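Chemist: For reference, the file start23.cif (mmCIF, C-alpha atoms) is included below:
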```
data_upload
#
loop_
_atom_site.label_atom_id
_atom_site.label_comp_id
_atom_site.auth_asym_id
_atom_site.auth_seq_id
_atom_site.Cartn_x
_atom_site.Cartn_y
_atom_site.Cartn_z
CA GLY W 1 -162.24 93.99 93.29
CA ASN W 2 -158.79 94.87 94.62
CA ASN W 3 -156.51 91.86 95.24
CA ASP W 4 -155.37 91.20 98.81
CA VAL W 5 -151.79 91.95 99.58
CA LEU W 6 -150.34 88.55 100.55
CA ASN W 7 -146.95 89.63 101.74
CA PHE W 8 -146.34 89.40 105.50
CA PRO W 9 -143.38 89.51 107.84
CA LEU W 10 -141.98 86.01 108.39
CA PRO W 11 -142.05 84.88 112.03
CA ASP W 12 -138.88 83.59 113.65
CA THR W 13 -139.03 79.78 113.43
CA THR W 14 -135.42 79.03 114.29
CA GLY W 15 -136.58 77.30 117.49
CA VAL W 16 -139.19 75.17 115.76
CA ARG W 17 -137.77 71.72 114.99
CA VAL W 18 -139.35 68.66 113.51
CA ASP W 19 -138.38 65.13 114.48
CA ALA W 20 -140.54 62.45 112.93
CA ILE W 21 -137.76 59.87 112.86
CA TYR W 22 -138.37 56.98 115.19
CA PRO W 23 -135.28 55.72 117.05
CA TRP W 24 -134.37 52.12 116.24
CA ILE W 25 -132.07 49.43 117.55
CA THR W 26 -128.85 49.30 115.55
CA THR W 27 -127.21 46.33 117.29
CA VAL W 28 -127.46 44.17 120.40
CA ASP W 29 -124.23 43.18 122.16
CA VAL W 30 -124.49 39.76 123.82
CA PRO W 31 -122.63 38.05 126.69
CA ALA W 32 -119.16 36.63 126.07
CA ASN W 33 -118.76 33.19 124.53
CA LYS W 34 -117.97 31.00 127.53
CA THR W 35 -119.65 29.04 130.31
CA HIS W 36 -121.29 31.39 132.81
CA LYS W 37 -121.66 30.10 136.38
CA LEU W 38 -124.14 30.51 139.23
CA GLY W 39 -124.43 34.18 140.24
CA ASP W 40 -122.93 35.52 137.00
CA SER W 41 -124.83 38.17 135.02
CA LEU W 42 -125.78 37.67 131.39
CA ASP W 43 -125.51 41.25 130.11
CA PHE W 44 -127.03 42.44 126.84
CA VAL W 45 -126.33 45.98 125.58
CA ILE W 46 -128.98 47.49 123.28
CA ASN W 47 -127.57 50.18 121.00
CA PHE W 48 -129.99 52.75 119.55
CA SER W 49 -129.76 55.10 116.58
CA GLU W 50 -130.02 58.06 118.98
CA SER W 51 -130.32 58.77 122.67
CA ILE W 52 -133.54 57.47 124.19
CA THR W 53 -135.15 57.58 127.62
CA LEU W 54 -136.23 54.28 129.11
CA ALA W 55 -138.87 54.94 131.78
CA GLY W 56 -140.11 51.97 133.80
CA ALA W 57 -138.77 48.74 135.26
CA ASP W 58 -140.58 45.92 133.46
CA SER W 59 -138.98 45.85 130.00
CA ALA W 60 -136.79 42.89 129.15
CA ILE W 61 -135.19 40.74 126.49
CA ASP W 62 -136.83 37.31 126.49
CA LEU W 63 -134.34 34.46 126.92
CA THR W 64 -134.43 30.68 126.84
CA ILE W 65 -131.86 28.93 129.04
CA GLY W 66 -132.01 25.21 128.46
CA ALA W 67 -135.78 24.77 128.19
CA THR W 68 -136.62 27.51 130.71
CA ALA W 69 -137.93 30.99 129.87
CA ARG W 70 -135.98 33.80 131.55
CA GLN W 71 -135.78 37.58 131.11
CA ALA W 72 -132.85 39.99 130.95
CA VAL W 73 -134.41 43.05 132.59
CA CYS W 74 -133.51 46.44 131.11
CA SER W 75 -132.26 49.29 133.29
CA ALA W 76 -133.96 52.69 133.24
CA ALA W 77 -131.65 55.27 131.67
CA THR W 78 -131.33 58.13 129.19
CA ALA W 79 -128.63 57.11 126.76
CA SER W 80 -127.97 55.68 123.33
CA SER W 81 -127.16 52.28 124.88
CA ILE W 82 -129.27 50.40 127.42
CA ASN W 83 -128.18 47.43 129.54
CA CYS W 84 -130.45 44.40 130.03
CA SER W 85 -129.27 41.79 132.53
CA TYR W 86 -130.19 38.36 133.91
CA THR W 87 -128.45 36.79 136.94
CA ILE W 88 -127.97 33.03 136.77
CA VAL W 89 -129.76 31.11 139.54
CA ALA W 90 -129.33 27.58 140.88
CA ALA W 91 -130.23 24.83 138.38
CA ASP W 92 -130.01 27.10 135.29
CA GLU W 93 -128.17 25.06 132.67
CA ASP W 94 -127.64 25.36 128.93
CA THR W 95 -125.01 23.31 127.15
CA ASN W 96 -125.78 24.29 123.54
CA GLY W 97 -126.14 28.07 123.78
CA ILE W 98 -128.81 30.36 125.19
CA VAL W 99 -131.46 31.94 122.96
CA HIS W 100 -132.71 35.56 122.91
CA VAL W 101 -135.57 36.82 120.75
CA SER W 102 -136.90 40.04 119.23
CA PRO W 103 -138.68 42.30 120.06
CA ILE W 104 -137.97 43.73 123.51
CA SER W 105 -140.88 43.11 125.89
CA ILE W 106 -141.90 46.46 127.32
CA GLY W 107 -144.76 45.92 129.77
CA ALA W 108 -145.64 49.44 130.96
CA THR W 109 -142.16 50.78 130.19
CA THR W 110 -141.62 53.41 127.50
CA PHE W 111 -138.66 53.88 125.15
CA LYS W 112 -138.81 57.43 123.71
CA ASP W 113 -136.46 59.94 122.15
CA ALA W 114 -136.32 63.62 123.14
CA ALA W 115 -139.24 64.36 120.75
CA THR W 116 -141.25 61.58 122.46
CA ASN W 117 -141.13 59.32 119.42
CA ASP W 118 -141.47 55.71 120.49
CA ALA W 119 -138.46 53.56 119.70
CA ILE W 120 -138.81 50.63 117.33
CA LEU W 121 -137.99 47.64 119.54
CA THR W 122 -137.43 44.89 116.99
CA PHE W 123 -133.84 43.81 116.46
CA THR W 124 -131.70 41.19 114.77
CA ALA W 125 -130.69 38.59 117.35
CA ALA W 126 -126.95 37.99 117.57
CA THR W 127 -125.43 34.52 117.67
CA THR W 128 -125.33 33.04 121.19
CA THR W 129 -124.70 29.37 120.40
CA ALA W 130 -121.45 29.52 122.39
CA VAL W 131 -122.93 31.34 125.41
CA PHE W 132 -123.33 28.47 127.87
CA VAL W 133 -124.80 28.42 131.37
CA ASP W 134 -123.89 26.16 134.28
CA GLY W 135 -125.81 27.03 137.43
CA VAL W 136 -125.62 23.45 138.74
CA VAL W 137 -123.18 23.28 141.63
CA PRO W 138 -121.18 20.09 142.30
CA THR W 139 -122.03 18.12 145.42
CA ILE W 140 -120.45 15.29 147.39
CA THR W 141 -122.48 12.19 146.57
CA SER W 142 -120.73 9.88 149.02
CA VAL W 143 -117.68 9.39 151.22
CA THR W 144 -116.18 5.91 151.52
CA ALA W 145 -114.40 5.17 154.81
CA PRO W 146 -111.33 2.99 155.39
CA THR W 147 -111.98 -0.75 155.52
CA ASN W 148 -113.04 -2.06 158.92
CA GLY W 149 -110.05 -3.36 160.84
CA SER W 150 -107.25 -2.48 163.22
CA TYR W 151 -104.66 0.00 161.91
CA LEU W 152 -101.09 0.36 163.12
CA SER W 153 -98.58 3.21 163.23
CA GLY W 154 -97.49 4.20 159.72
CA GLN W 155 -100.64 2.93 158.03
CA ALA W 156 -102.99 5.33 156.21
CA LEU W 157 -106.65 5.99 156.90
CA ASP W 158 -107.98 6.77 153.41
CA PHE W 159 -111.38 8.39 152.76
CA SER W 160 -112.63 8.46 149.15
CA VAL W 161 -114.76 11.55 148.41
CA ASN W 162 -117.03 11.19 145.36
CA PHE W 163 -118.55 14.13 143.44
CA SER W 164 -121.63 14.62 141.26
CA GLU W 165 -119.36 15.93 138.46
CA PRO W 166 -115.62 16.47 137.88
CA VAL W 167 -114.11 18.95 140.33
CA THR W 168 -110.76 20.71 140.36
CA ILE W 169 -109.13 20.93 143.79
CA THR W 170 -106.41 23.55 144.04
CA GLY W 171 -104.28 23.83 147.13
CA ALA W 172 -103.07 21.13 149.51
CA ASN W 173 -104.74 22.22 152.73
CA SER W 174 -108.34 20.95 152.59
CA TYR W 175 -109.22 18.09 154.92
CA VAL W 176 -111.79 15.84 156.58
CA ASN W 177 -112.00 16.28 160.36
CA LEU W 178 -111.27 13.07 162.30
CA THR W 179 -111.33 12.16 165.96
CA ILE W 180 -108.99 9.34 167.00
CA GLY W 181 -109.60 8.52 170.63
CA THR W 182 -110.19 12.01 171.97
CA VAL W 183 -107.69 13.76 169.69
CA SER W 184 -108.59 15.81 166.59
CA LYS W 185 -106.76 14.77 163.41
CA GLN W 186 -107.00 15.76 159.75
CA ALA W 187 -107.29 13.55 156.65
CA VAL W 188 -105.73 15.84 154.03
CA CYS W 189 -107.28 15.79 150.54
CA SER W 190 -105.28 15.41 147.33
CA ALA W 191 -105.33 18.18 144.68
CA VAL W 192 -106.92 16.65 141.58
CA THR W 193 -109.22 17.27 138.64
CA ALA W 194 -111.55 14.29 138.81
CA SER W 195 -114.91 12.93 139.98
CA ALA W 196 -113.31 11.73 143.23
CA THR W 197 -110.43 12.52 145.55
CA THR W 198 -108.71 10.76 148.45
CA CYS W 199 -108.34 12.36 151.87
CA SER W 200 -105.71 10.58 153.97
CA TYR W 201 -104.28 10.54 157.48
CA THR W 202 -101.14 8.54 158.36
CA ILE W 203 -101.31 7.04 161.85
CA LEU W 204 -98.64 8.24 164.28
CA PRO W 205 -97.16 6.50 167.32
CA GLY W 206 -99.44 7.13 170.27
CA ASP W 207 -102.67 7.27 168.23
CA VAL W 208 -105.20 4.97 169.87
CA ASP W 209 -108.91 4.40 169.33
CA THR W 210 -110.47 1.20 170.59
CA ASP W 211 -114.13 1.94 169.80
CA GLY W 212 -113.86 3.31 166.27
CA ILE W 213 -112.63 6.62 164.85
CA ALA W 214 -115.07 9.44 164.01
CA ASN W 215 -115.29 11.68 160.94
CA ALA W 216 -117.33 14.87 160.58
CA SER W 217 -118.97 17.00 157.88
CA PRO W 218 -118.26 19.41 156.21
CA ILE W 219 -114.88 19.25 154.52
CA VAL W 220 -112.70 22.19 155.58
CA LEU W 221 -111.12 24.16 152.69
CA ALA W 222 -108.37 25.91 154.68
CA GLY W 223 -107.52 28.12 151.69
CA ALA W 224 -108.07 25.49 148.99
CA THR W 225 -110.77 25.70 146.30
CA TRP W 226 -113.08 22.94 145.05
CA GLN W 227 -114.74 24.06 141.79
CA ASP W 228 -116.26 22.60 138.64
CA ALA W 229 -115.20 23.63 135.13
CA ALA W 230 -117.50 26.68 135.19
CA GLY W 231 -116.08 27.88 138.52
CA ASN W 232 -119.03 26.86 140.72
CA ASN W 233 -117.97 26.07 144.28
CA THR W 234 -118.64 22.54 145.53
CA VAL W 235 -121.11 21.99 148.36
CA LEU W 236 -118.82 20.51 151.02
CA THR W 237 -121.33 18.87 153.35
CA PHE W 238 -121.63 15.08 153.30
CA THR W 239 -123.12 12.16 155.20
CA PRO W 240 -120.31 10.80 157.41
CA PRO W 241 -119.73 7.09 156.82
CA VAL W 242 -119.92 4.66 159.75
CA THR W 243 -116.42 4.06 161.19
CA THR W 244 -117.21 2.35 164.50
CA ALA W 245 -115.19 -0.70 163.40
CA VAL W 246 -112.16 1.26 162.19
CA ILE W 247 -109.80 0.75 165.12
CA VAL W 248 -106.40 2.37 165.74
CA ASP W 249 -103.89 0.53 167.91
CA THR W 250 -100.30 1.77 168.05
CA THR W 251 -99.60 0.45 171.55
CA ALA W 252 -96.86 -2.19 171.37
CA PRO W 253 -97.35 -5.21 173.66
CA THR W 254 -95.09 -5.30 176.73
CA ILE W 255 -94.06 -7.99 179.19
CA THR W 256 -95.96 -7.20 182.36
CA SER W 257 -94.41 -9.90 184.58
CA ILE W 258 -92.46 -13.16 184.62
CA THR W 259 -93.42 -15.92 187.06
CA SER W 260 -90.47 -18.02 188.09
CA ALA W 261 -90.50 -21.70 188.86
CA ALA W 262 -91.10 -22.81 192.42
CA SER W 263 -88.06 -23.03 194.66
CA ALA W 264 -86.89 -26.64 194.61
CA THR W 265 -84.11 -28.93 193.50
CA TYR W 266 -84.68 -30.13 189.95
CA VAL W 267 -83.08 -33.19 188.42
CA GLU W 268 -82.58 -34.30 184.81
CA ASN W 269 -85.74 -34.34 182.71
CA ASP W 270 -87.74 -32.17 185.19
CA ASN W 271 -89.70 -29.29 183.67
CA VAL W 272 -88.80 -25.93 185.14
CA ASP W 273 -91.90 -23.79 184.56
#
```
Mind turning this structure into structure tokens?

Modeler:
Amino acid sequence: GNNDVLNFPLPDTTGVRVDAIYPWITTVDVPANKTHKLGDSLDFVINFSESITLAGADSAIDLTIGATARQAVCSAATASSINCSYTIVAADEDTNGIVHVSPISIGATTFKDAATNDAILTFTAATTTAVFVDGVVPTITSVTAPTNGSYLSGQALDFSVNFSEPVTITGANSYVNLTIGTVSKQAVCSAVTASATTCSYTILPGDVDTDGIANASPIVLAGATWQDAAGNNTVLTFTPPVTTAVIVDTTAPTITSITSAASATYVENDNVD
């Protein structure tokens, strides 16, 4: 009937830790408010309450760009912040702000803290109504040639280049390649911000083409830039207009010979031809 002695030496438990707190997403940083162009990255930074390890390559934030579903894929890392990124491709366009939604899609990827607790992947979506996307590059829709006719020295050969959207041309060196006779010439394009520009060549003495000048695609930048408002570069190829009736004639007429009247004695009222 003796009671057991319940005292015992306490083991060392200084290395035994308990972590039953699941990591959670504190905030999500979104791309800058602006128009993002073709090839730009839309970067989202996911901030966690503690350091986590992301293992795998198929987790992502689900996006809607315009009416198209896209994914900002998350990078594998061990950190308290994880980057998820989507690179804009051709034809992506959103003029009223992209959309991102909670939770993170994980696929086979894991988000765990050092104690292997799974992270809570729901988050409050930030405002992205001013994050625009323009992956539509401007193109040349048509090139209008000079009017059919014969052009003289000092006259201009004007080509009107029309775009699919307004384009800003910076620099004064871009041109359309011409051939007048057998000589290469350049119709230099005006720096503008507009849906069309004029590329012009002024005819010089000695320029001659009796069977129609030629023009060739593409436009040559020569250090200039042709970009839309988002910074997308213009596609510079075009269908050359027909110029077989655009003639250049700078050769002044000359007197080749004078035929004198026949040798004879002429009297009043005779014609001396």

Chemist: With 12 Å as the cut-off and all atoms listed in the file counted, what is the closest atom pair between each nearby residue of segment 163-200 of chain W and segment 226-231 of chain W? Distances in Å to one decimal, ordered by chain and number, as a Markdown table.

Modeler:
```
| residue | atom | partner | partner_atom | distance |
| --- | --- | --- | --- | --- |
| W:Phe163 | CA | W:Asp228 | CA | 10.0 |
| W:Ser164 | CA | W:Asp228 | CA | 10.0 |
| W:Glu165 | CA | W:Asp228 | CA | 7.4 |
| W:Pro166 | CA | W:Asp228 | CA | 6.2 |
| W:Val167 | CA | W:Asp228 | CA | 4.6 |
| W:Thr168 | CA | W:Gln227 | CA | 5.4 |
| W:Ile169 | CA | W:Trp226 | CA | 4.6 |
| W:Thr170 | CA | W:Trp226 | CA | 6.8 |
| W:Gly171 | CA | W:Trp226 | CA | 9.1 |
| W:Ala172 | CA | W:Trp226 | CA | 11.1 |
| W:Asn173 | CA | W:Trp226 | CA | 11.4 |
| W:Ser174 | CA | W:Trp226 | CA | 9.1 |
| W:Tyr175 | CA | W:Trp226 | CA | 11.7 |
| W:Cys189 | CA | W:Trp226 | CA | 10.7 |
| W:Ser190 | CA | W:Trp226 | CA | 11.1 |
| W:Ala191 | CA | W:Trp226 | CA | 9.1 |
| W:Val192 | CA | W:Trp226 | CA | 9.5 |
| W:Thr193 | CA | W:Asp228 | CA | 8.8 |
| W:Ala194 | CA | W:Asp228 | CA | 9.6 |
| W:Ser195 | CA | W:Asp228 | CA | 9.9 |
| W:Ala196 | CA | W:Trp226 | CA | 11.4 |
| W:Thr197 | CA | W:Trp226 | CA | 10.8 |
```

Chemist: For the residues selected in the previous step, produce a file with C-alpha atoms as a PDB file, keeping the file's coordinate frame.

Modeler:
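Listed below is the output, out_6.pdb:
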```pdb
ATOM      1  CA  PHE W 163    -118.550  14.130 143.440  1.00  0.00           C
ATOM      2  CA  SER W 164    -121.630  14.620 141.260  1.00  0.00           C
ATOM      3  CA  GLU W 165    -119.360  15.930 138.460  1.00  0.00           C
ATOM      4  CA  PRO W 166    -115.620  16.470 137.880  1.00  0.00           C
ATOM      5  CA  VAL W 167    -114.110  18.950 140.330  1.00  0.00           C
ATOM      6  CA  THR W 168    -110.760  20.710 140.360  1.00  0.00           C
ATOM      7  CA  ILE W 169    -109.130  20.930 143.790  1.00  0.00           C
ATOM      8  CA  THR W 170    -106.410  23.550 144.040  1.00  0.00           C
ATOM      9  CA  GLY W 171    -104.280  23.830 147.130  1.00  0.00           C
ATOM     10  CA  ALA W 172    -103.070  21.130 149.510  1.00  0.00           C
ATOM     11  CA  ASN W 173    -104.740  22.220 152.730  1.00  0.00           C
ATOM     12  CA  SER W 174    -108.340  20.950 152.590  1.00  0.00           C
ATOM     13  CA  TYR W 175    -109.220  18.090 154.920  1.00  0.00           C
ATOM     14  CA  CYS W 189    -107.280  15.790 150.540  1.00  0.00           C
ATOM     15  CA  SER W 190    -105.280  15.410 147.330  1.00  0.00           C
ATOM     16  CA  ALA W 191    -105.330  18.180 144.680  1.00  0.00           C
ATOM     17  CA  VAL W 192    -106.920  16.650 141.580  1.00  0.00           C
ATOM     18  CA  THR W 193    -109.220  17.270 138.640  1.00  0.00           C
ATOM     19  CA  ALA W 194    -111.550  14.290 138.810  1.00  0.00           C
ATOM     20  CA  SER W 195    -114.910  12.930 139.980  1.00  0.00           C
ATOM     21  CA  ALA W 196    -113.310  11.730 143.230  1.00  0.00           C
ATOM     22  CA  THR W 197    -110.430  12.520 145.550  1.00  0.00           C
TER      23      THR W 197
END
```

Chemist: Expand the PyMOL selection byres ((chain W and resi 103) around 8) into the individual residues it matches in the shown file, reporting them as an NGL selection string.

Modeler: :W and (61 or 101-102 or 104-105 or 121-123)

Chemist: Check the smallest atom-to-atom distance from each of W:Pro253, W:Gly66, W:Val248, W:Ala224 to Ala156 of chain W using all atoms listed in the file, then report the winner.

Modeler: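 For Ala156 of chain W, the nearest of the candidates is W:Val248.
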
Chemist: Which residues are near Ser184 of chain W? Cut-off 12 Å, all atoms listed in the file, ignore same chain within fewer than 6 positions. Put them as a PDB file with C-alpha atoms, keeping the file's coordinate frame.

Modeler:
```pdb
ATOM      1  CA  TYR W 175    -109.220  18.090 154.920  1.00  0.00           C
ATOM      2  CA  VAL W 176    -111.790  15.840 156.580  1.00  0.00           C
ATOM      3  CA  ASN W 177    -112.000  16.280 160.360  1.00  0.00           C
ATOM      4  CA  LEU W 178    -111.270  13.070 162.300  1.00  0.00           C
ATOM      5  CA  TYR W 201    -104.280  10.540 157.480  1.00  0.00           C
ATOM      6  CA  ASP W 207    -102.670   7.270 168.230  1.00  0.00           C
ATOM      7  CA  VAL W 208    -105.200   4.970 169.870  1.00  0.00           C
ATOM      8  CA  ASP W 209    -108.910   4.400 169.330  1.00  0.00           C
ATOM      9  CA  ILE W 213    -112.630   6.620 164.850  1.00  0.00           C
ATOM     10  CA  ALA W 214    -115.070   9.440 164.010  1.00  0.00           C
ATOM     11  CA  ASN W 215    -115.290  11.680 160.940  1.00  0.00           C
ATOM     12  CA  ALA W 216    -117.330  14.870 160.580  1.00  0.00           C
TER      13      ALA W 216
END
```

Chemist: May I have the protein, DNA and RNA residues with an atom at most 7 Å from (-127.5, 31.2, 141.7), counting all atoms listed in the file in the file's coordinates, returned as a PyMOL selection string?

Modeler: chain W and resi 38-39+88-90+135

Chemist: Got a sec: who's within 9 Å of Ser49 of chain W, counting only C-alpha atoms, leaving out chain neighbours fewer than 5 positions off, as a JSON list (two decimals) with C-alpha atoms, in the frame of the given file?

Modeler:
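Wrote selection_24.json, looks like this:
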```json
[["chain", "number", "residue", "atom", "x", "y", "z"],
["W", 22, "TYR", "CA", -138.37, 56.98, 115.19],
["W", 23, "PRO", "CA", -135.28, 55.72, 117.05],
["W", 24, "TRP", "CA", -134.37, 52.12, 116.24],
["W", 25, "ILE", "CA", -132.07, 49.43, 117.55],
["W", 26, "THR", "CA", -128.85, 49.30, 115.55],
["W", 80, "SER", "CA", -127.97, 55.68, 123.33]]
```

Chemist: How far is it from atom CA of Ala108 of chain W to atom CA of Gly56 of chain W, in Å with one decimal?

Modeler: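 Between these atoms lies a distance of 6.7 Å.
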
Chemist: Tell me which of W:Ser51, W:Thr68, W:Asn148, W:Thr95 sits closest to Thr116 of chain W, counting all atoms listed in the file.

Modeler: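 Result for the nearest residue to Thr116 of chain W: W:Ser51.
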
Chemist: Return as a ChimeraX atom specification the set of residues that the PyMOL selection byres ((chain W and resi 113) around 9) yields on the displayed structure.

Modeler: /W:22-23,50-54,78,111-112,114-119

Chemist: One number please: atom CA of Ile203 of chain W to atom CA of Gly154 of chain W, in Å, one decimal.

Modeler: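 Atom-to-atom, atom CA of Ile203 of chain W to atom CA of Gly154 of chain W, that is 5.2 Å.
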
Chemist: If you count all atoms listed in the file, which residues fall within 7 Å of segment 158-161 of chain W, apart from same-chain ones fewer than 5 positions away, as a PDB file with C-alpha atoms, in the coordinates of the input?

Modeler:
```
ATOM      1  CA  ILE W 140    -120.450  15.290 147.390  1.00  0.00           C
ATOM      2  CA  SER W 142    -120.730   9.880 149.020  1.00  0.00           C
ATOM      3  CA  VAL W 143    -117.680   9.390 151.220  1.00  0.00           C
ATOM      4  CA  THR W 144    -116.180   5.910 151.520  1.00  0.00           C
ATOM      5  CA  ALA W 145    -114.400   5.170 154.810  1.00  0.00           C
ATOM      6  CA  PRO W 146    -111.330   2.990 155.390  1.00  0.00           C
ATOM      7  CA  ALA W 196    -113.310  11.730 143.230  1.00  0.00           C
ATOM      8  CA  THR W 197    -110.430  12.520 145.550  1.00  0.00           C
ATOM      9  CA  THR W 198    -108.710  10.760 148.450  1.00  0.00           C
ATOM     10  CA  CYS W 199    -108.340  12.360 151.870  1.00  0.00           C
ATOM     11  CA  SER W 200    -105.710  10.580 153.970  1.00  0.00           C
ATOM     12  CA  TYR W 201    -104.280  10.540 157.480  1.00  0.00           C
TER      13      TYR W 201
END
```

Chemist: Please write the residues picked by the PyMOL selection byres ((chain W and resi 44) around 9) on this file as a ChimeraX atom specification.

Modeler: /W:28-31,42-43,45-46,61,72,74,82-86

Chemist: Take the residues from that selection and put them in a file with C-alpha atoms, as a PDB file, keeping the file's coordinate frame.

Modeler:
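Saved to selection-v2.pdb:
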```pdb
ATOM      1  CA  VAL W  28    -127.460  44.170 120.400  1.00  0.00           C
ATOM      2  CA  ASP W  29    -124.230  43.180 122.160  1.00  0.00           C
ATOM      3  CA  VAL W  30    -124.490  39.760 123.820  1.00  0.00           C
ATOM      4  CA  PRO W  31    -122.630  38.050 126.690  1.00  0.00           C
ATOM      5  CA  LEU W  42    -125.780  37.670 131.390  1.00  0.00           C
ATOM      6  CA  ASP W  43    -125.510  41.250 130.110  1.00  0.00           C
ATOM      7  CA  VAL W  45    -126.330  45.980 125.580  1.00  0.00           C
ATOM      8  CA  ILE W  46    -128.980  47.490 123.280  1.00  0.00           C
ATOM      9  CA  ILE W  61    -135.190  40.740 126.490  1.00  0.00           C
ATOM     10  CA  ALA W  72    -132.850  39.990 130.950  1.00  0.00           C
ATOM     11  CA  CYS W  74    -133.510  46.440 131.110  1.00  0.00           C
ATOM     12  CA  ILE W  82    -129.270  50.400 127.420  1.00  0.00           C
ATOM     13  CA  ASN W  83    -128.180  47.430 129.540  1.00  0.00           C
ATOM     14  CA  CYS W  84    -130.450  44.400 130.030  1.00  0.00           C
ATOM     15  CA  SER W  85    -129.270  41.790 132.530  1.00  0.00           C
ATOM     16  CA  TYR W  86    -130.190  38.360 133.910  1.00  0.00           C
TER      17      TYR W  86
END
```

Chemist: Contacts of Thr129 of chain W at 7 Å or less, counting only C-alpha atoms, minus same-chain residues fewer than 3 places along, as a ChimeraX atom specification?

Modeler: /W:96-98

Chemist: Taking all atoms listed in the file into account, which of W:Asp211, W:Asp58, W:Asp12, W:Glu268 comes nearest Gly149 of chain W?

Modeler: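 Using all atoms listed in the file, the shortest distance to Gly149 of chain W belongs to W:Asp211.
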
Chemist: Which residue is closest to Pro240 of chain W? Choose from W:Thr141, W:Ala55, W:Ser150, W:Thr202 and count all atoms listed in the file.

Modeler: W:Thr141

Chemist: For atom CA of Ala57 of chain W and atom CA of Ser41 of chain W, determine how far apart the two atoms are, in Å to one decimal place.

Modeler: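 Computed distance, atom CA of Ala57 of chain W to atom CA of Ser41 of chain W, equals 17.5 Å.
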
Chemist: Pick from W:Val220, W:Ala252, W:Thr234, W:Ser153: nearest to Leu204 of chain W, with only C-alpha atoms counted?

Modeler: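 Among the listed residues, W:Ser153 lies closest to Leu204 of chain W.
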
Chemist: Just checking: using all atoms listed in the file, which residue out of W:Asn233, W:Ser59, W:Asn47, W:Ser217 ends up closest to Val137 of chain W?

Modeler: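 For Val137 of chain W, the nearest of the given residues is W:Asn233.
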